[in-house]
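What follows is the content of model10.txt, which has compact mmCIF, C-alpha atoms:
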# COMPACT_ATOMS: atom_id res chain seq x y z
CA MET A 25 39.01 37.03 -2.01
CA SER A 26 37.83 33.81 -0.38
CA SER A 27 40.15 31.18 1.04
CA ASP A 28 39.11 28.79 -1.78
CA GLU A 29 40.09 31.39 -4.40
CA ARG A 30 43.50 31.95 -2.76
CA HIS A 31 44.08 28.21 -2.35
CA PRO A 32 42.10 26.46 -5.10
CA ARG A 33 41.33 22.82 -4.50
CA SER A 34 42.82 20.11 -6.66
CA LEU A 35 41.27 16.72 -7.24
CA ASP A 36 42.78 13.78 -5.37
CA VAL A 37 42.18 11.49 -8.33
CA ALA A 38 43.32 8.33 -6.53
CA ARG A 39 40.75 9.02 -3.82
CA VAL A 40 38.10 9.82 -6.41
CA ARG A 41 38.75 6.57 -8.29
CA ALA A 42 38.23 4.57 -5.11
CA ASP A 43 34.62 5.81 -5.10
CA PHE A 44 33.84 4.13 -8.45
CA PRO A 45 33.56 0.35 -8.11
CA ILE A 46 33.37 -0.26 -11.88
CA LEU A 47 36.94 1.00 -12.25
CA GLU A 48 38.12 -2.14 -10.46
CA ARG A 49 37.18 -4.19 -13.53
CA THR A 50 39.75 -5.58 -15.91
CA VAL A 51 39.56 -6.29 -19.65
CA ASN A 52 41.63 -9.17 -21.03
CA GLY A 53 43.62 -9.08 -17.83
CA LYS A 54 44.35 -5.38 -18.21
CA PRO A 55 42.98 -2.54 -16.06
CA LEU A 56 39.92 -0.82 -17.49
CA VAL A 57 40.78 2.58 -18.99
CA TYR A 58 37.40 4.23 -19.50
CA LEU A 59 37.61 7.18 -21.89
CA ASP A 60 33.96 7.54 -22.92
CA SER A 61 32.44 9.77 -20.25
CA ALA A 62 30.99 12.08 -22.91
CA ALA A 63 28.65 9.19 -23.74
CA THR A 64 27.89 8.37 -20.13
CA SER A 65 29.79 8.75 -16.88
CA HIS A 66 30.35 6.11 -14.26
CA LYS A 67 28.58 6.30 -10.92
CA PRO A 68 30.19 6.67 -7.50
CA THR A 69 29.12 4.44 -4.64
CA ALA A 70 27.22 7.35 -3.09
CA VAL A 71 24.90 7.50 -6.11
CA ILE A 72 24.46 3.74 -6.33
CA ASP A 73 23.66 3.64 -2.61
CA ALA A 74 21.15 6.51 -2.89
CA VAL A 75 19.16 4.71 -5.58
CA SER A 76 19.32 1.40 -3.72
CA ASP A 77 18.29 3.02 -0.44
CA PHE A 78 15.29 4.67 -2.06
CA TYR A 79 13.98 1.37 -3.41
CA ALA A 80 14.83 -0.54 -0.23
CA HIS A 81 13.39 1.89 2.31
CA HIS A 82 11.30 4.68 0.75
CA ASN A 83 9.73 3.36 -2.44
CA ALA A 84 6.34 4.87 -3.21
CA ASN A 85 4.85 7.15 -5.84
CA ALA A 86 5.71 10.81 -5.28
CA HIS A 87 2.87 13.34 -4.97
CA ARG A 88 0.30 10.56 -4.59
CA GLY A 89 -0.13 8.74 -1.28
CA LEU A 90 -0.81 10.46 2.04
CA TYR A 91 0.83 7.58 3.92
CA PHE A 92 4.37 7.88 5.28
CA LEU A 93 6.16 6.16 2.36
CA GLY A 94 4.47 8.46 -0.12
CA GLU A 95 5.50 11.48 1.92
CA GLU A 96 9.10 10.22 2.10
CA ALA A 97 9.21 9.61 -1.64
CA THR A 98 7.85 13.09 -2.33
CA GLU A 99 10.33 14.66 0.05
CA ALA A 100 13.25 12.84 -1.58
CA PHE A 101 12.07 13.69 -5.09
CA GLU A 102 11.53 17.37 -4.33
CA GLY A 103 14.76 17.45 -2.34
CA ALA A 104 16.60 16.42 -5.49
CA ARG A 105 14.88 19.23 -7.40
CA GLY A 106 16.13 21.69 -4.80
CA LYS A 107 19.69 20.39 -5.17
CA VAL A 108 19.53 20.80 -8.95
CA ALA A 109 18.25 24.36 -8.56
CA ARG A 110 21.10 25.19 -6.18
CA PHE A 111 23.68 23.56 -8.47
CA PHE A 112 22.69 25.82 -11.39
CA ASN A 113 21.92 28.84 -9.16
CA ALA A 114 18.35 28.82 -10.43
CA PRO A 115 15.96 31.34 -8.82
CA GLY A 116 13.93 28.52 -7.30
CA PRO A 117 13.07 24.81 -7.60
CA GLU A 118 9.91 25.62 -9.56
CA THR A 119 12.17 26.54 -12.51
CA ILE A 120 13.51 22.97 -12.73
CA VAL A 121 11.46 20.49 -14.78
CA PHE A 122 12.49 16.87 -14.38
CA THR A 123 12.89 14.88 -17.61
CA ARG A 124 14.82 11.82 -18.76
CA GLY A 125 17.66 14.07 -19.88
CA THR A 126 18.76 16.52 -22.54
CA THR A 127 17.04 14.84 -25.49
CA GLU A 128 13.64 14.90 -23.83
CA SER A 129 14.27 18.43 -22.59
CA MET A 130 15.11 19.75 -26.07
CA ASN A 131 12.04 18.04 -27.50
CA LEU A 132 10.00 19.74 -24.78
CA VAL A 133 11.40 23.12 -25.83
CA ALA A 134 10.86 22.48 -29.55
CA GLN A 135 7.29 21.26 -28.99
CA GLY A 136 6.09 23.10 -25.90
CA TRP A 137 7.58 26.44 -26.91
CA GLY A 138 8.37 26.11 -30.63
CA ARG A 139 5.09 24.71 -31.87
CA LYS A 140 3.18 27.26 -29.83
CA PHE A 141 5.07 30.42 -30.75
CA LEU A 142 6.78 29.82 -34.12
CA LYS A 143 5.07 30.50 -37.43
CA ALA A 144 6.00 30.48 -41.11
CA GLY A 145 8.94 32.78 -41.80
CA ASP A 146 10.22 32.82 -38.22
CA GLU A 147 13.79 31.63 -37.79
CA VAL A 148 15.50 29.26 -35.37
CA LEU A 149 19.26 29.75 -35.14
CA LEU A 150 21.41 26.69 -34.43
CA THR A 151 25.10 25.92 -35.03
CA GLU A 152 26.93 23.40 -37.17
CA MET A 153 28.32 21.67 -34.08
CA GLU A 154 25.00 20.70 -32.51
CA HIS A 155 24.19 17.21 -31.30
CA HIS A 156 21.29 15.64 -33.19
CA SER A 157 19.08 16.15 -30.13
CA ASN A 158 19.33 19.90 -30.77
CA ILE A 159 18.67 19.59 -34.50
CA VAL A 160 16.08 16.89 -35.14
CA PRO A 161 13.42 18.27 -32.74
CA TRP A 162 13.68 21.65 -34.48
CA GLN A 163 13.39 20.00 -37.90
CA MET A 164 10.20 18.32 -36.72
CA THR A 165 8.87 21.63 -35.42
CA ALA A 166 9.79 23.38 -38.67
CA GLN A 167 7.75 20.82 -40.63
CA VAL A 168 4.70 21.69 -38.53
CA THR A 169 5.11 25.46 -38.21
CA GLY A 170 6.91 26.49 -41.40
CA CYS A 171 9.74 28.16 -39.49
CA VAL A 172 13.22 28.25 -41.01
CA LEU A 173 16.38 26.74 -39.50
CA ARG A 174 19.64 28.63 -39.88
CA TYR A 175 23.11 27.65 -38.71
CA ILE A 176 26.18 29.47 -37.38
CA PRO A 177 29.14 27.96 -39.28
CA LEU A 178 32.37 26.52 -37.91
CA THR A 179 35.92 27.61 -38.62
CA ASP A 180 38.64 25.15 -39.57
CA ASP A 181 39.76 25.30 -35.93
CA GLY A 182 36.40 23.99 -34.77
CA VAL A 183 35.10 27.17 -33.16
CA LEU A 184 32.01 29.15 -34.12
CA ASP A 185 32.53 31.63 -36.94
CA LEU A 186 30.76 34.69 -35.58
CA THR A 187 31.86 37.00 -38.39
CA ASP A 188 28.33 37.25 -39.77
CA LEU A 189 26.47 36.89 -36.47
CA GLY A 190 24.70 40.20 -37.13
CA SER A 191 23.17 38.86 -40.34
CA LEU A 192 22.22 35.55 -38.74
CA LEU A 193 20.57 37.05 -35.66
CA THR A 194 17.79 39.32 -36.90
CA GLU A 195 14.27 40.35 -35.95
CA ARG A 196 13.12 37.11 -37.62
CA THR A 197 15.14 35.05 -35.13
CA LYS A 198 12.85 33.85 -32.35
CA ILE A 199 15.18 31.44 -30.57
CA LEU A 200 18.89 30.63 -30.51
CA SER A 201 19.44 27.03 -29.46
CA VAL A 202 23.10 26.22 -28.90
CA THR A 203 25.29 23.65 -27.22
CA GLY A 204 27.29 24.72 -24.18
CA MET A 205 30.07 22.31 -25.13
CA SER A 206 30.37 20.25 -28.29
CA ASN A 207 30.36 16.52 -27.72
CA ALA A 208 32.26 15.99 -30.99
CA LEU A 209 34.80 18.84 -30.89
CA GLY A 210 34.95 19.79 -27.23
CA THR A 211 34.37 23.42 -28.25
CA ILE A 212 32.96 25.76 -25.61
CA PRO A 213 31.23 28.66 -27.41
CA PRO A 214 31.14 32.22 -26.00
CA LEU A 215 27.75 31.74 -24.38
CA SER A 216 27.49 35.13 -22.67
CA ARG A 217 28.16 36.92 -25.95
CA LEU A 218 25.60 34.78 -27.77
CA VAL A 219 22.94 35.27 -25.09
CA GLU A 220 23.43 39.03 -25.12
CA ALA A 221 23.29 39.19 -28.93
CA ALA A 222 20.14 37.05 -29.10
CA HIS A 223 18.34 39.06 -26.44
CA ALA A 224 19.24 42.26 -28.29
CA VAL A 225 17.04 41.16 -31.22
CA GLY A 226 14.26 39.84 -28.98
CA ALA A 227 15.11 36.15 -29.28
CA ILE A 228 15.21 33.72 -26.38
CA VAL A 229 18.12 31.33 -25.80
CA ALA A 230 18.09 27.59 -25.08
CA ILE A 231 21.35 25.89 -24.10
CA ASP A 232 22.12 22.19 -24.49
CA ALA A 233 24.30 21.72 -21.40
CA ALA A 234 24.61 17.93 -21.63
CA GLN A 235 28.40 18.23 -21.88
CA LEU A 236 28.89 21.56 -20.11
CA ALA A 237 27.06 20.91 -16.85
CA PRO A 238 29.17 17.91 -15.76
CA HIS A 239 32.47 19.73 -16.20
CA SER A 240 32.05 23.43 -15.44
CA ARG A 241 30.26 25.71 -13.03
CA VAL A 242 27.02 26.90 -14.67
CA ASP A 243 25.13 29.87 -13.22
CA VAL A 244 21.90 30.30 -15.15
CA GLN A 245 21.14 33.69 -13.60
CA ALA A 246 24.56 35.12 -14.44
CA LEU A 247 24.37 33.62 -17.92
CA ASP A 248 20.81 34.95 -18.30
CA CYS A 249 19.80 32.04 -20.55
CA ASP A 250 16.08 31.40 -20.91
CA LEU A 251 16.24 27.61 -21.02
CA LEU A 252 18.96 25.06 -20.23
CA ALA A 253 18.80 21.30 -20.72
CA PHE A 254 20.99 18.79 -18.87
CA SER A 255 21.49 15.03 -18.52
CA GLY A 256 22.09 13.40 -15.16
CA HIS A 257 23.83 10.32 -16.54
CA LYS A 258 26.70 12.44 -17.89
CA MET A 259 27.29 14.06 -14.48
CA LEU A 260 27.67 10.91 -12.35
CA GLY A 261 23.90 10.41 -11.97
CA PRO A 262 21.66 7.54 -13.10
CA THR A 263 20.39 7.09 -16.62
CA ALA A 264 16.93 8.61 -17.25
CA SER A 265 17.70 11.49 -14.87
CA GLY A 266 18.06 15.15 -15.79
CA GLY A 267 15.86 18.05 -16.65
CA LEU A 268 15.20 21.49 -18.05
CA TYR A 269 15.79 24.82 -16.35
CA GLY A 270 13.59 27.64 -17.58
CA LYS A 271 12.84 31.17 -16.56
CA ALA A 272 9.48 31.09 -14.83
CA GLU A 273 7.81 33.33 -17.40
CA VAL A 274 9.07 31.13 -20.25
CA LEU A 275 7.90 27.91 -18.63
CA ASP A 276 4.55 29.48 -17.75
CA ALA A 277 4.00 30.33 -21.41
CA MET A 278 4.93 26.88 -22.74
CA ASP A 279 2.55 24.01 -23.40
CA PRO A 280 3.08 20.56 -21.90
CA MET A 281 4.50 17.88 -24.17
CA PHE A 282 2.89 14.94 -22.35
CA GLY A 283 -0.61 14.67 -20.96
CA GLY A 284 -1.82 12.36 -18.22
CA GLY A 285 -2.00 11.98 -14.50
CA GLU A 286 -0.70 14.47 -11.95
CA MET A 287 -0.05 17.33 -14.38
CA ILE A 288 -3.67 18.51 -14.30
CA TYR A 289 -6.01 20.44 -12.05
CA GLU A 290 -9.32 19.52 -13.67
CA VAL A 291 -10.29 17.22 -16.56
CA TYR A 292 -13.54 17.82 -18.46
CA PRO A 293 -14.86 15.97 -21.52
CA ASP A 294 -13.49 18.60 -23.92
CA HIS A 295 -10.59 20.26 -22.09
CA SER A 296 -8.30 20.16 -19.08
CA THR A 297 -6.57 22.70 -16.88
CA TYR A 298 -2.94 22.25 -15.90
CA LYS A 299 -0.97 22.61 -12.69
CA GLU A 300 1.57 25.34 -12.10
CA ILE A 301 5.20 24.94 -13.13
CA PRO A 302 7.07 22.67 -13.03
CA TYR A 303 4.35 20.08 -12.45
CA LYS A 304 2.38 20.75 -15.63
CA PHE A 305 5.29 19.20 -17.56
CA GLU A 306 5.64 16.09 -15.37
CA ALA A 307 2.92 13.67 -16.46
CA GLY A 308 2.52 10.25 -14.91
CA THR A 309 4.90 8.46 -12.62
CA MET A 310 8.25 10.19 -12.78
CA GLN A 311 11.78 8.78 -12.53
CA ILE A 312 11.80 9.17 -8.77
CA ALA A 313 14.75 6.97 -7.80
CA GLN A 314 16.79 8.26 -10.74
CA GLN A 315 16.32 11.90 -9.78
CA VAL A 316 17.11 11.07 -6.15
CA GLY A 317 20.32 9.53 -7.50
CA LEU A 318 20.98 12.73 -9.45
CA GLY A 319 20.68 14.66 -6.21
CA ALA A 320 23.36 12.41 -4.71
CA ALA A 321 25.55 12.98 -7.78
CA ILE A 322 25.24 16.74 -7.30
CA ASP A 323 26.24 16.35 -3.66
CA TYR A 324 29.30 14.42 -4.83
CA LEU A 325 30.30 16.98 -7.47
CA GLU A 326 29.84 19.87 -5.06
CA GLY A 327 32.02 18.00 -2.61
CA LEU A 328 34.76 17.88 -5.24
CA GLY A 329 34.20 21.50 -6.26
CA MET A 330 33.29 22.35 -9.85
CA ASP A 331 36.29 24.65 -10.21
CA ALA A 332 38.53 21.72 -9.28
CA VAL A 333 36.68 19.51 -11.76
CA ARG A 334 37.30 22.03 -14.54
CA ARG A 335 40.99 22.48 -13.64
CA HIS A 336 41.53 18.72 -13.71
CA GLU A 337 39.83 18.48 -17.08
CA ARG A 338 41.96 21.23 -18.57
CA GLU A 339 45.15 19.59 -17.32
CA ILE A 340 44.34 16.16 -18.69
CA THR A 341 42.97 17.55 -21.97
CA SER A 342 46.09 19.62 -22.53
CA TYR A 343 48.26 16.57 -21.92
CA ALA A 344 46.13 14.37 -24.19
CA LEU A 345 46.21 16.89 -27.04
CA GLY A 346 49.98 17.01 -26.93
CA ARG A 347 50.44 13.25 -26.71
CA LEU A 348 47.97 12.48 -29.51
CA ILE A 349 49.46 15.01 -31.91
CA GLU A 350 52.94 13.75 -31.06
CA ALA A 351 51.76 10.22 -31.88
CA GLY A 352 50.60 11.30 -35.34
CA ALA A 353 46.88 11.78 -34.74
CA THR A 354 44.83 14.49 -36.43
CA VAL A 355 42.84 16.17 -33.65
CA PHE A 356 39.60 18.03 -34.37
CA GLY A 357 38.53 21.07 -32.40
CA PRO A 358 40.36 23.92 -30.67
CA ALA A 359 44.02 23.47 -29.81
CA ASP A 360 43.64 25.71 -26.75
CA PRO A 361 42.37 23.64 -23.79
CA GLY A 362 40.86 26.81 -22.37
CA LEU A 363 38.41 26.90 -25.29
CA ARG A 364 37.31 23.31 -25.04
CA GLY A 365 36.24 20.51 -22.78
CA GLY A 366 37.62 17.02 -22.39
CA ALA A 367 35.98 15.36 -25.41
CA VAL A 368 38.88 14.89 -27.84
CA SER A 369 38.02 13.60 -31.32
CA PHE A 370 40.80 12.43 -33.60
CA TRP A 371 41.74 10.39 -36.67
CA TYR A 372 44.77 8.19 -36.15
CA ARG A 373 46.93 7.76 -39.24
CA ASP A 374 45.14 5.47 -41.74
CA VAL A 375 43.21 3.40 -39.19
CA HIS A 376 39.42 3.64 -39.36
CA PRO A 377 37.98 4.65 -35.97
CA HIS A 378 35.92 1.45 -35.72
CA ASP A 379 39.03 -0.69 -36.25
CA LEU A 380 40.89 1.49 -33.79
CA ALA A 381 38.25 1.10 -31.10
CA THR A 382 38.30 -2.68 -31.55
CA ILE A 383 42.05 -2.93 -31.03
CA LEU A 384 42.00 -0.48 -28.12
CA ASN A 385 39.32 -2.58 -26.44
CA GLU A 386 41.73 -5.53 -26.46
CA GLU A 387 44.10 -3.32 -24.50
CA GLY A 388 41.39 -2.43 -21.98
CA VAL A 389 40.88 1.07 -23.40
CA ALA A 390 37.26 2.14 -23.99
CA ILE A 391 36.78 4.96 -26.49
CA ARG A 392 33.90 6.02 -28.75
CA ALA A 393 34.07 5.57 -32.52
CA GLY A 394 31.52 6.96 -34.98
CA HIS A 395 29.83 10.23 -35.83
CA HIS A 396 28.86 10.92 -32.20
CA CYS A 397 25.34 12.01 -33.17
CA ALA A 398 26.96 15.04 -34.82
CA GLN A 399 26.90 14.32 -38.54
CA LEU A 400 26.99 18.01 -39.46
CA VAL A 401 30.39 18.19 -37.77
CA MET A 402 31.64 15.13 -39.61
CA ARG A 403 30.59 16.58 -42.97
CA ARG A 404 32.13 19.95 -42.12
CA PHE A 405 35.51 18.31 -41.59
CA GLY A 406 35.22 15.76 -44.38
CA THR A 407 35.43 12.65 -42.25
CA PRO A 408 32.93 9.77 -41.94
CA ALA A 409 33.73 9.29 -38.28
CA THR A 410 36.27 9.99 -35.58
CA ALA A 411 37.69 8.24 -32.58
CA ARG A 412 36.88 10.11 -29.37
CA ALA A 413 38.55 9.94 -25.98
CA SER A 414 36.65 11.86 -23.32
CA PHE A 415 37.86 12.51 -19.80
CA TYR A 416 36.30 13.08 -16.41
CA VAL A 417 37.10 13.30 -12.71
CA TYR A 418 38.38 9.72 -12.43
CA ASN A 419 40.81 9.79 -15.35
CA THR A 420 44.58 10.17 -14.99
CA LEU A 421 47.51 11.30 -17.11
CA GLU A 422 48.78 7.73 -16.96
CA GLU A 423 45.62 6.56 -18.71
CA VAL A 424 46.42 8.93 -21.57
CA ASP A 425 49.79 7.19 -21.84
CA VAL A 426 48.01 3.83 -22.00
CA LEU A 427 45.80 5.18 -24.80
CA VAL A 428 48.80 6.34 -26.83
CA ALA A 429 50.61 3.05 -26.33
CA ALA A 430 47.50 1.21 -27.53
CA LEU A 431 47.41 3.42 -30.64
CA ALA A 432 50.92 2.23 -31.49
CA ARG A 433 49.72 -1.38 -31.36
CA ALA A 434 46.86 -0.54 -33.73
CA GLN A 435 49.33 1.06 -36.09
CA ASP A 436 51.43 -2.12 -36.11
CA ILE A 437 48.37 -4.15 -37.08
CA PHE A 438 46.72 -1.92 -39.69
CA VAL A 439 49.44 0.29 -41.17
Write out the structure in this file as structure tokens.
Amino acid sequence: MSSDERHPRSLDVARVRADFPILERTVNGKPLVYLDSAATSHKPTAVIDAVSDFYAHHNANAHRGLYFLGEEATEAFEGARGKVARFFNAPGPETIVFTRGTTESMNLVAQGWGRKFLKAGDEVLLTEMEHHSNIVPWQMTAQVTGCVLRYIPLTDDGVLDLTDLGSLLTERTKILSVTGMSNALGTIPPLSRLVEAAHAVGAIVAIDAAQLAPHSRVDVQALDCDLLAFSGHKMLGPTASGGLYGKAEVLDAMDPMFGGGEMIYEVYPDHSTYKEIPYKFEAGTMQIAQQVGLGAAIDYLEGLGMDAVRRHEREITSYALGRLIEAGATVFGPADPGLRGGAVSFWYRDVHPHDLATILNEEGVAIRAGHHCAQLVMRRFGTPATARASFYVYNTLEEVDVLVAALARAQDIFV
């Protein structure tokens, strides 16, 4: 047993908060309480400085110029790829494709893999708790290929109902595409079990890790997933950063989604040949500064320790669940904080979530209100929308108390 396992690290949240300049802001004279990290996380000074330093001192197009700035830009860009590969324990940096984030990555899977390999009668297995970015691309692919979309249902507790998994995963199933953590319910599905079951019928597995990657340690080799999409802006990195991990043999077999400069070997009047992975998927000028910033975000998270990040999230989620239920809120998703992440969706008494978010904003509390790009979830639970408080490394138990106190003010106004 390592020293870290015997003496697990805890987050020094006060020290963490000092690294995020935006948290110094006030709203209506009240301290900002930011509870919408599932939508996008804030950025520590180290990330802001990394992006600024790139533009100030190293700006050039990566993989283009032979002059010193071009070489520095390429080194920084590829250095970030190496950090991402290490963060996910990928076999090598060539298995990391840079994209603008999870949405682009899932579209790349649905087009580059789905449109090439799926045919009429083949099945794609999704779940009822998927984000729209893991539904709509498959619907578009189904319209082109004739494949069929099927869905694993949800229980009333907001977890996957795997009772009939054997009838849903069959020889017709070619891919299981599943979230690693629901953005609307917080649910963390049993990924290892799902991967093993899918592989047993010859299907590959794609994981939407937009919510999972920022909050938990993810080892793609141990998980044995075939593809995994992630968004940098949800894990302390810049917007338009992120990517797609893929097993080398899967990426090799896929087609590019975009065509243009730098992803080709040779261009002829009637055809072109493509570079090796990952470069055949990276057409044109990439998001160089953003991915460099993502590399800095990974450095920051690894400095905190992902086990410590997860422990902090469980503690604050457990506290929030108790306080919200005590205050009279109906909470959606698992009651066990060990089965969920820190995105907590709820309906508070008779106050519509949009009204609730407006009043909470006056108290300096920022939450999300709406369907969270998860309308299948909303229909499953018979609600047009929910309020959602989502927590991250810079949130405190005291901020949960501020949220609950603000709910009481909303009740006074609307109920």
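Our summary of the geometry notes that atom CA of A:Ser296 is positioned 15.9 Å from atom CA of A:Asp276.
Of the listed residues (A:Leu193, A:Ala114, A:Ala134, A:Ala359), A:Ala114 comes nearest to A:Ala246; the distances count only C-alpha atoms.
Counting all atoms listed in the file and comparing A:Thr194, A:Thr309, A:Thr211, A:Ser255, the residue that lies closest to A:Tyr269 is A:Ser255.
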Polymer residues at most 9 Å from A:Gly125, only C-alpha atoms, same-chain spacing of 3 or more positions, as an MDAnalysis selection string: chainID A and resid 122 128:130 234 253:257 263:268
Could you pull the residues within 10 Å of A:Val168, counting only C-alpha atoms, minus those fewer than 2 positions along the same chain, as a PyMOL selection string? chain A and resi 135+138-139+142-144+162-166+170-171
Just give me the residues with any atom within 12 Å of (41.2, 8.3, -30.0), file coordinates, counting all atoms listed in the file, written as a CSV table (one decimal) with C-alpha atoms, keeping the file's coordinate frame.
chain,number,residue,atom,x,y,z
A,58,TYR,CA,37.4,4.2,-19.5
A,59,LEU,CA,37.6,7.2,-21.9
A,60,ASP,CA,34.0,7.5,-22.9
A,208,ALA,CA,32.3,16.0,-31.0
A,344,ALA,CA,46.1,14.4,-24.2
A,345,LEU,CA,46.2,16.9,-27.0
A,347,ARG,CA,50.4,13.2,-26.7
A,348,LEU,CA,48.0,12.5,-29.5
A,349,ILE,CA,49.5,15.0,-31.9
A,351,ALA,CA,51.8,10.2,-31.9
A,352,GLY,CA,50.6,11.3,-35.3
A,353,ALA,CA,46.9,11.8,-34.7
A,354,THR,CA,44.8,14.5,-36.4
A,355,VAL,CA,42.8,16.2,-33.6
A,356,PHE,CA,39.6,18.0,-34.4
A,367,ALA,CA,36.0,15.4,-25.4
A,368,VAL,CA,38.9,14.9,-27.8
A,369,SER,CA,38.0,13.6,-31.3
A,370,PHE,CA,40.8,12.4,-33.6
A,371,TRP,CA,41.7,10.4,-36.7
A,372,TYR,CA,44.8,8.2,-36.2
A,373,ARG,CA,46.9,7.8,-39.2
A,375,VAL,CA,43.2,3.4,-39.2
A,376,HIS,CA,39.4,3.6,-39.4
A,377,PRO,CA,38.0,4.6,-36.0
A,378,HIS,CA,35.9,1.4,-35.7
A,379,ASP,CA,39.0,-0.7,-36.2
A,380,LEU,CA,40.9,1.5,-33.8
A,381,ALA,CA,38.2,1.1,-31.1
A,382,THR,CA,38.3,-2.7,-31.6
A,383,ILE,CA,42.0,-2.9,-31.0
A,384,LEU,CA,42.0,-0.5,-28.1
A,385,ASN,CA,39.3,-2.6,-26.4
A,389,VAL,CA,40.9,1.1,-23.4
A,390,ALA,CA,37.3,2.1,-24.0
A,391,ILE,CA,36.8,5.0,-26.5
A,392,ARG,CA,33.9,6.0,-28.8
A,393,ALA,CA,34.1,5.6,-32.5
A,394,GLY,CA,31.5,7.0,-35.0
A,409,ALA,CA,33.7,9.3,-38.3
A,410,THR,CA,36.3,10.0,-35.6
A,411,ALA,CA,37.7,8.2,-32.6
A,412,ARG,CA,36.9,10.1,-29.4
A,413,ALA,CA,38.6,9.9,-26.0
A,414,SER,CA,36.6,11.9,-23.3
A,415,PHE,CA,37.9,12.5,-19.8
A,424,VAL,CA,46.4,8.9,-21.6
A,425,ASP,CA,49.8,7.2,-21.8
A,426,VAL,CA,48.0,3.8,-22.0
A,427,LEU,CA,45.8,5.2,-24.8
A,428,VAL,CA,48.8,6.3,-26.8
A,429,ALA,CA,50.6,3.0,-26.3
A,430,ALA,CA,47.5,1.2,-27.5
A,431,LEU,CA,47.4,3.4,-30.6
A,432,ALA,CA,50.9,2.2,-31.5
A,434,ALA,CA,46.9,-0.5,-33.7
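Of the listed residues A:His396, A:Val242, A:Glu423, A:Thr119, the one whose atoms come nearest to A:Glu154 is A:His396, with distances taken using only C-alpha atoms.
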Skipping near chain neighbours, those fewer than 6 positions away, what residues fall within 12 Å of A:Arg41 using all atoms listed in the file, listed as a compact mmCIF listing (two decimals) with C-alpha atoms, in the frame of the given file?
# COMPACT_ATOMS: atom_id res chain seq x y z
CA LEU A 35 41.27 16.72 -7.24
CA LEU A 47 36.94 1.00 -12.25
CA GLU A 48 38.12 -2.14 -10.46
CA LEU A 56 39.92 -0.82 -17.49
CA VAL A 57 40.78 2.58 -18.99
CA TYR A 58 37.40 4.23 -19.50
CA HIS A 66 30.35 6.11 -14.26
CA LYS A 67 28.58 6.30 -10.92
CA PRO A 68 30.19 6.67 -7.50
CA THR A 69 29.12 4.44 -4.64
CA TYR A 416 36.30 13.08 -16.41
CA VAL A 417 37.10 13.30 -12.71
CA TYR A 418 38.38 9.72 -12.43
CA ASN A 419 40.81 9.79 -15.35
CA THR A 420 44.58 10.17 -14.99
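The spacing separating atom CA of A:Gly319 from atom CA of A:Glu96 amounts to 14.9 Å.
All residues of protein, DNA or RNA that reach within 8 Å of A:Gly284, judged by only C-alpha atoms and not counting those fewer than 3 positions away in the chain, are Met287, Ile288, Ala307 and Gly308 of chain A.
Atom CA of A:Val274 is found 13.3 Å from atom CA of A:Pro115.
In terms of minimum interatomic distance to A:Val401, A:Val183 ranks closest within A:Ala104, A:Val148, A:Val183, A:Ala222, counting all atoms listed in the file.
Nearest-residue note for A:His155: choosing from A:Val229, A:Leu247, A:Ala63, A:Leu186, the minimum distance belongs to A:Ala63, counting all atoms listed in the file.
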